[in-house]
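Worksheet for the structure shown next.
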Amino acid sequence: MSYSLKQTRRFARAYKKLHDNVAADVDVATEIVADNPALGEHKKGDLANLFVYKFRSQKQLYLLGYTVDEAVRLVYLEAVGPHENFYRDLKRS
């Protein structure tokens with residue numbers, strides 16, 4: 001049984017700015033994460049509660065940041081974007 005997905009405002013704003021073909025790849029990545037949230041890499045330090053799933057789109061590496069609430073089987077989609085400055089932008093907020 002897959003987890004439910006919930007978008008944060010940051011994710012929704014970033015998703016809206018993506019091109020259609022990249023957005024389609026993000027949709028596939030979110031479905032993969034919903035089926036098995038443990039696939040992502042668990043971060044340490046400041047971002048200890050964050051998981052990051054890496055995927056390629058348009059020959060560029062994109063990262064999907066999310067947190068998991070096991071009690072209600074819910075995945076919160078926190079952020080999406082290219083690898084460049086991804087972690088720096090997450091730490092700022």
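Residues are named by chain letter and number: chains run A, B, ... in the order of the structure tokens, numbers start at 1 in each chain, and ligands are numbered from 1 in the order shown.
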
Practice prompt. Tell me, as a ChimeraX atom specification, which residues lie within 8 Å of region 70-84 of chain A, counting only C-alpha atoms; anything in the same chain fewer than 5 positions away does not count.
Written response: /A:3-8,10-11,14-15,34,37,60-65,90

Filtering to N, CA and C atoms, could you give me those residues as a compact mmCIF listing (two decimals), in the first residue's frame?
```txt
# COMPACT_ATOMS: atom_id res chain seq x y z
N TYR A 3 1.92 5.33 0.21
CA TYR A 3 1.68 6.44 1.11
C TYR A 3 0.91 7.54 0.38
N SER A 4 0.20 8.36 1.12
CA SER A 4 -0.46 9.54 0.55
C SER A 4 0.58 10.64 0.40
N LEU A 5 0.34 11.55 -0.54
CA LEU A 5 1.26 12.66 -0.80
C LEU A 5 0.60 13.98 -0.42
N LYS A 6 1.39 14.87 0.16
CA LYS A 6 0.92 16.22 0.48
C LYS A 6 2.02 17.21 0.12
N GLN A 7 1.67 18.24 -0.62
CA GLN A 7 2.64 19.25 -1.05
C GLN A 7 2.73 20.38 -0.04
N THR A 8 3.96 20.87 0.17
CA THR A 8 4.13 22.09 0.94
C THR A 8 4.06 23.26 -0.03
N ARG A 10 6.31 25.55 -0.57
CA ARG A 10 7.58 25.68 -1.29
C ARG A 10 7.63 24.73 -2.49
N PHE A 11 7.20 23.49 -2.28
CA PHE A 11 7.18 22.51 -3.36
C PHE A 11 6.24 22.97 -4.47
N ALA A 14 7.75 25.77 -6.57
CA ALA A 14 8.83 25.29 -7.43
C ALA A 14 8.28 24.44 -8.57
N TYR A 15 7.30 23.61 -8.27
CA TYR A 15 6.70 22.72 -9.27
C TYR A 15 6.02 23.52 -10.38
N ALA A 34 6.11 7.61 -3.20
CA ALA A 34 4.87 7.22 -2.50
C ALA A 34 4.81 5.71 -2.32
N PRO A 37 8.94 5.10 0.43
CA PRO A 37 9.65 6.29 0.90
C PRO A 37 11.08 6.03 1.36
N GLN A 60 19.87 16.46 -16.65
CA GLN A 60 20.27 17.20 -15.47
C GLN A 60 19.77 16.47 -14.22
N LEU A 61 20.57 16.53 -13.15
CA LEU A 61 20.21 15.88 -11.90
C LEU A 61 19.24 16.76 -11.12
N TYR A 62 18.09 16.19 -10.76
CA TYR A 62 17.09 16.88 -9.94
C TYR A 62 16.97 16.16 -8.62
N LEU A 63 16.60 16.91 -7.58
CA LEU A 63 16.42 16.33 -6.26
C LEU A 63 15.01 16.61 -5.77
N LEU A 64 14.43 15.61 -5.15
CA LEU A 64 13.10 15.71 -4.56
C LEU A 64 13.26 15.52 -3.06
N GLY A 65 13.03 16.58 -2.28
CA GLY A 65 13.15 16.52 -0.84
C GLY A 65 11.80 16.26 -0.21
N LEU A 90 17.28 25.05 1.03
CA LEU A 90 16.49 24.37 2.05
C LEU A 90 16.89 24.82 3.46
```

Item to complete: List every residue of region 12-87 of chain A that DSSP, applied to the backbone of this structure, places in helix (DSSP H, G or I), and write the result as a PyMOL selection string.
Response: chain A and resi 12-17+20-35+37-39+45-47+86-87

Item to complete: Find the residues near region 16-26 of chain A: any atom within 8 Å, counting only C-alpha atoms, skip ones fewer than 4 places away on the same chain, and give them as a PyMOL selection string.
Response: chain A and resi 12+30+57-58+64

Using only C-alpha atoms, please write the residues we just selected to a file, as a PDB file, in the first residue's frame.
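Output saved as selection25.pdb:
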```pdb
ATOM      1  CA  ALA A  12       4.053  23.840  -5.095  1.00  0.00           C
ATOM      2  CA  THR A  30       6.697  11.330  -6.555  1.00  0.00           C
ATOM      3  CA  SER A  57      15.454  14.894 -16.315  1.00  0.00           C
ATOM      4  CA  GLN A  58      16.670  16.651 -19.458  1.00  0.00           C
ATOM      5  CA  LEU A  64      13.104  15.715  -4.559  1.00  0.00           C
TER       6      LEU A  64
END
```

Discussion item. Taking the DSSP secondary structure from the backbone, can you list the residues of chain A that are strand (DSSP E or B), as a PyMOL selection string?
Written reply: chain A and resi 4-7+41-42+51-57+60-69+74-82

Would you write out those residues with N, CA and C atoms, as a CSV table (one decimal), in the first residue's frame?
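Writing the result to selection33.csv gives the following:
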```
chain,number,residue,atom,x,y,z
A,4,SER,N,0.2,8.4,1.1
A,4,SER,CA,-0.5,9.5,0.5
A,4,SER,C,0.6,10.6,0.4
A,5,LEU,N,0.3,11.6,-0.5
A,5,LEU,CA,1.3,12.7,-0.8
A,5,LEU,C,0.6,14.0,-0.4
A,6,LYS,N,1.4,14.9,0.2
A,6,LYS,CA,0.9,16.2,0.5
A,6,LYS,C,2.0,17.2,0.1
A,7,GLN,N,1.7,18.2,-0.6
A,7,GLN,CA,2.6,19.2,-1.0
A,7,GLN,C,2.7,20.4,0.0
A,41,GLU,N,17.6,9.1,0.1
A,41,GLU,CA,18.8,9.1,1.0
A,41,GLU,C,18.4,10.0,2.2
A,42,HIS,N,18.6,9.4,3.5
A,42,HIS,CA,18.3,10.1,4.7
A,42,HIS,C,19.4,11.1,5.0
A,51,PHE,N,14.5,13.4,3.6
A,51,PHE,CA,14.9,12.4,2.7
A,51,PHE,C,15.0,13.1,1.3
A,52,VAL,N,16.0,12.6,0.5
A,52,VAL,CA,16.2,13.2,-0.8
A,52,VAL,C,16.2,12.0,-1.8
A,53,TYR,N,15.4,12.1,-2.8
A,53,TYR,CA,15.4,11.2,-3.9
A,53,TYR,C,15.9,11.9,-5.1
A,54,LYS,N,16.9,11.3,-5.8
A,54,LYS,CA,17.6,11.9,-6.9
A,54,LYS,C,17.1,11.2,-8.2
A,55,PHE,N,16.9,12.0,-9.2
A,55,PHE,CA,16.5,11.5,-10.5
A,55,PHE,C,17.0,12.5,-11.6
A,56,ARG,N,17.0,12.0,-12.8
A,56,ARG,CA,17.5,12.8,-14.0
A,56,ARG,C,16.3,13.1,-14.9
A,57,SER,N,16.4,14.4,-15.4
A,57,SER,CA,15.5,14.9,-16.3
A,57,SER,C,16.2,15.9,-17.2
A,60,GLN,N,19.9,16.5,-16.6
A,60,GLN,CA,20.3,17.2,-15.5
A,60,GLN,C,19.8,16.5,-14.2
A,61,LEU,N,20.6,16.5,-13.2
A,61,LEU,CA,20.2,15.9,-11.9
A,61,LEU,C,19.2,16.8,-11.1
A,62,TYR,N,18.1,16.2,-10.8
A,62,TYR,CA,17.1,16.9,-9.9
A,62,TYR,C,17.0,16.2,-8.6
A,63,LEU,N,16.6,16.9,-7.6
A,63,LEU,CA,16.4,16.3,-6.3
A,63,LEU,C,15.0,16.6,-5.8
A,64,LEU,N,14.4,15.6,-5.1
A,64,LEU,CA,13.1,15.7,-4.6
A,64,LEU,C,13.3,15.5,-3.1
A,65,GLY,N,13.0,16.6,-2.3
A,65,GLY,CA,13.2,16.5,-0.8
A,65,GLY,C,11.8,16.3,-0.2
A,66,TYR,N,11.8,15.3,0.8
A,66,TYR,CA,10.5,15.0,1.4
A,66,TYR,C,10.7,14.5,2.8
A,67,THR,N,9.7,14.6,3.6
A,67,THR,CA,9.7,14.0,5.0
A,67,THR,C,8.5,13.0,5.0
A,68,VAL,N,8.6,12.1,6.0
A,68,VAL,CA,7.7,11.0,6.1
A,68,VAL,C,7.1,11.0,7.5
A,69,ASP,N,5.7,10.9,7.5
A,69,ASP,CA,5.0,10.7,8.8
A,69,ASP,C,4.5,9.2,8.8
A,74,LEU,N,1.9,9.2,5.5
A,74,LEU,CA,1.9,10.4,4.6
A,74,LEU,C,3.3,10.9,4.3
A,75,VAL,N,3.5,11.3,3.0
A,75,VAL,CA,4.8,11.8,2.6
A,75,VAL,C,4.6,13.3,2.3
A,76,TYR,N,5.3,14.2,3.0
A,76,TYR,CA,5.3,15.6,2.7
A,76,TYR,C,6.3,16.0,1.7
A,77,LEU,N,5.9,16.5,0.5
A,77,LEU,CA,6.8,16.9,-0.5
A,77,LEU,C,7.3,18.3,-0.1
A,78,GLU,N,8.6,18.4,0.2
A,78,GLU,CA,9.1,19.6,0.7
A,78,GLU,C,9.7,20.5,-0.3
A,79,ALA,N,10.5,20.0,-1.3
A,79,ALA,CA,11.1,20.8,-2.3
A,79,ALA,C,11.5,20.0,-3.5
A,80,VAL,N,11.7,20.6,-4.6
A,80,VAL,CA,12.1,20.0,-5.8
A,80,VAL,C,12.9,21.0,-6.6
A,81,GLY,N,14.0,20.5,-7.3
A,81,GLY,CA,14.8,21.4,-8.1
A,81,GLY,C,16.1,20.8,-8.5
A,82,PRO,N,16.8,21.5,-9.3
A,82,PRO,CA,18.1,21.0,-9.7
A,82,PRO,C,19.1,20.9,-8.6
```

Worksheet item: Which distance in Å separates CA of Arg13 (chain A) and CA of Arg88 (chain A), to one decimal?
Response: 17.2 Å

Worksheet item: Nearest to Val33 (chain A) among A:Arg92, A:Ser2, A:Phe86, A:Leu47, with distances taken over only C-alpha atoms: which residue is it?
Response: A:Ser2
